[in-house]
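A.B. asks: Could you have a look at this structure, given as structure tokens, before my questions?
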Amino acid sequence: VGQLVKLDHALGGPANRLLVPWCRPTPDLGGLAEIKRLVAEGRAAEACERLRNLYNAQPSSATLLERLSRICVTAGRYEEALSTLECLLAQDPAAVAVLERRIHVLIELARMDVLQSSLDELDEVTSGRSVLVLDRIARAYVKIRRHETALLVIDTLLARDASHTGAHELKVRIFLELGRIDELPAKLEVLEGLASQSRELCKGWIQYHLHHEEWRSALEWAVRLFRLSGDDHKDALKSMERIVELCRQLNELDAAVELTVEGVAKFPTKAKFRQLHADLLFEHGRIAEAKVVCEDALAIDRKHVSTHLRLAAIDLLGGQFDTAFDAFEWRRAAPHYRASELLPGVPQWRGNLDLNGAVLVWSEDGAD
């Protein structure tokens with residue numbers, strides 16, 4: 001039931017009526033409040049039985065029949081749900097919500113022989129809505145990690161609209177999540193023919209080339225993905241970090257430096273891009289330039305921990321120990337810093353020489 005409720009939420013929008021939208025106020029037709037309580041407690045099968053008894057007492061109530069179809073879906077009683085939906089459609093063949101719900105039920109029952117005609121009926125009523133409904137259902141299945149069912153839905157969609165870019169992108173995403181890397185090229189080639197600027201296309205090729213340790217090809221696609229990031233600085237940052245990692249793998253620091261310059265230019269108000277650029281300058285031995293870039297980053301964000309730590313390393317190399325140690329104290333603000341938790345109440349040595357006891361040297365960064 002939990003999986004079905006997640007599917008209900010994932011479907012969203014008008015299709016949310018496929019399962020149990022008990023939010024609309026309706027009159028209590030003699031026991032509905034109790035049935036709603038059972039659904040809320042996850043006792044959908046019991047609620048289904050109660051509602052069936054209620055409907056048997058009032059067989060002319062279309063409202064109860066529709067509710068029964070919803071709860072049958074929630075309880076996983078798909079054959080019963082299908083029979084109630086057919087009764088509803090006999091009363092109103094153009095009921096869009098019922099037609100959509102029937103499509104979902106037929107998919108759950110793997111009744112692909114009947115599904116196509118049901119999709120055709122929906123298209124006749126809605127002027128081509130079936131592709132939209134299939135796309136939404138496929139994405140809902142991906143959210144609850146029912147990937148094989150999602151692939152079945154996507155193939156049904158593509159049989160109706162072979163050029164549906166979103167469906168091809170979703171298929172690539174599923175193959176990545178399933179780890180079916182060697183099956184990607186054929187899917188990616190089709191997608192590239194439809195949408196050469198697709199970000200999912202880039203992600204697919206990156207993972208394929210990484211899997212085969214083809215670092216240069218992976219780098220080319222990572223750069224392409226970064227340049228397609230638009231204003232999304234979080235995705236752009238992930239791409240830039242991957243670019244830096246691959247440049248290190250290829251021992252091409254010069255190229256990495258130039259690409260981080262591009263990142264700084266694209267997102268001038270984001271300190272992290274400057275910090276990545278400073279790190280590479282530091283690795284390249286361009287210490288003075290790295291310090292200037294760090295100072296620029298801190299002018300944007302005074303609390304940027306990684307930049308303070310890079311400045312600490314720069315000042316240590318320059319013999320400016322006081323400022324270096326002060327900057328190094330920013331490590332305490334790092335998300336994963338735990339030394340203070342491991343040594344609660346132990347005073348910190350500040351460099352004074354008039355010691356009355358032992359000094360514990362604590363290794364926080366591995367072996368250094």
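So you can find residues: chains in the structure tokens are A, B, ... in the order shown, residues in each start at 1, and ligands are numbered from 1 in order.
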Which residues, written as a list in words, have at least one atom at most 12 Å from A:Trp349, with only C-alpha atoms counted and residues fewer than 2 positions away on the same chain left out?
C.D. replies: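 The residues that qualify are Phe325, Val346, Pro347, Gly351, Asn352, Leu353, Asp354, Leu355, Asn356, Gly357, Ala358, Val359, Leu360, Val361 and Trp362 of chain A.
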A.B. asks: List the neighbours of A:Glu295 out to 10 Å using only C-alpha atoms; skip same-chain residues closer than 6 positions along the sequence, and give me the result as a list in words.
C.D. replies: Ala271, Arg274, Gln275, Ala278, Asp301, Arg302, Thr307, His308 and Leu311 of chain A
A.B. asks: Keeping only all heavy atoms, write the selected residues to a file as a compact mmCIF listing (two decimals), in the first residue's frame.
C.D. replies:
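And here is the file that came out, result-v4.txt:
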# COMPACT_ATOMS: atom_id res chain seq x y z
N ALA A 271 31.15 31.63 -4.99
CA ALA A 271 32.51 31.49 -4.48
C ALA A 271 33.13 30.15 -4.82
O ALA A 271 34.36 30.04 -5.00
CB ALA A 271 32.52 31.70 -2.97
N ARG A 274 35.34 29.99 -7.88
CA ARG A 274 36.64 30.63 -7.67
C ARG A 274 37.56 29.74 -6.83
O ARG A 274 38.77 29.67 -7.06
CB ARG A 274 36.45 31.99 -7.00
CG ARG A 274 35.72 32.99 -7.90
CD ARG A 274 35.48 34.32 -7.20
NE ARG A 274 34.60 35.16 -7.99
CZ ARG A 274 35.00 36.04 -8.91
NH1 ARG A 274 36.29 36.20 -9.13
NH2 ARG A 274 34.12 36.77 -9.57
N GLN A 275 36.97 29.06 -5.84
CA GLN A 275 37.78 28.17 -5.01
C GLN A 275 38.37 27.02 -5.84
O GLN A 275 39.54 26.65 -5.68
CB GLN A 275 36.95 27.63 -3.86
CG GLN A 275 37.68 26.63 -2.97
CD GLN A 275 37.07 25.24 -3.04
OE1 GLN A 275 35.87 25.09 -2.92
NE2 GLN A 275 37.91 24.24 -3.25
N ALA A 278 41.20 28.47 -7.73
CA ALA A 278 42.36 28.70 -6.85
C ALA A 278 43.07 27.39 -6.54
O ALA A 278 44.31 27.34 -6.49
CB ALA A 278 41.89 29.38 -5.56
N ASP A 301 31.81 35.49 -0.37
CA ASP A 301 31.25 34.70 0.73
C ASP A 301 32.32 34.55 1.82
O ASP A 301 33.22 33.72 1.71
CB ASP A 301 30.82 33.31 0.21
CG ASP A 301 30.19 32.45 1.29
OD1 ASP A 301 30.12 32.89 2.45
OD2 ASP A 301 29.78 31.32 0.97
N ARG A 302 32.21 35.38 2.88
CA ARG A 302 33.21 35.38 3.94
C ARG A 302 33.26 34.06 4.70
O ARG A 302 34.23 33.77 5.40
CB ARG A 302 32.92 36.50 4.94
CG ARG A 302 33.09 37.91 4.40
CD ARG A 302 34.50 38.19 3.94
NE ARG A 302 35.53 37.91 4.92
CZ ARG A 302 36.84 37.93 4.68
NH1 ARG A 302 37.26 38.18 3.45
NH2 ARG A 302 37.71 37.68 5.62
N THR A 307 37.61 27.79 0.89
CA THR A 307 38.51 28.88 0.49
C THR A 307 39.43 29.27 1.63
O THR A 307 40.63 29.51 1.44
CB THR A 307 37.69 30.08 0.01
OG1 THR A 307 36.85 29.68 -1.08
CG2 THR A 307 38.61 31.20 -0.47
N HIS A 308 38.88 29.35 2.85
CA HIS A 308 39.72 29.65 4.02
C HIS A 308 40.81 28.60 4.18
O HIS A 308 41.97 28.93 4.49
CB HIS A 308 38.86 29.70 5.28
CG HIS A 308 38.13 31.00 5.47
ND1 HIS A 308 38.78 32.18 5.79
CD2 HIS A 308 36.81 31.30 5.39
CE1 HIS A 308 37.88 33.17 5.90
NE2 HIS A 308 36.68 32.65 5.66
N LEU A 311 43.52 29.15 1.67
CA LEU A 311 44.36 30.28 2.10
C LEU A 311 45.31 29.87 3.22
O LEU A 311 46.45 30.33 3.28
CB LEU A 311 43.47 31.44 2.57
CG LEU A 311 43.08 32.48 1.52
CD1 LEU A 311 42.18 33.53 2.14
CD2 LEU A 311 44.31 33.13 0.90
A.B. asks: I need the residue nearest A:Ala90 from this list: A:Tyr55, A:Glu214, A:Ala62, A:Arg70. Use only C-alpha atoms for the distance.
C.D. replies: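 Of A:Tyr55, A:Glu214, A:Ala62, A:Arg70, the one nearest A:Ala90 is A:Ala62, counting only C-alpha atoms.
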A.B. asks: Calculated over only C-alpha atoms, which of the candidates A:Val142, A:Ile314, A:Val223, A:Ala44 has the smallest distance to A:Gly285?
C.D. replies: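 Counting only C-alpha atoms, the residue closest to A:Gly285 is A:Ile314.
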A.B. asks: Go ahead and compute the interatomic distance for atom CA of A:Gln207 and atom CA of A:Ala265, in Å to one decimal.
C.D. replies: 26.9 Å
A.B. asks: Near A:Asp279, within 8 Å and counting only C-alpha atoms, which residues show up once chain neighbours fewer than 4 positions away are dropped, as a VMD selection string?
C.D. replies: chain A and resid 275 283 290 310
A.B. asks: From the DSSP assignment of the backbone, select every residue of stretch 56-219 of chain A that is helix (DSSP H, G or I), and format the answer as a PyMOL selection string.
C.D. replies: chain A and resi 56-57+62-74+78-91+96-108+112-126+130-143+147-160+165-177+181-194+199-211+215-219
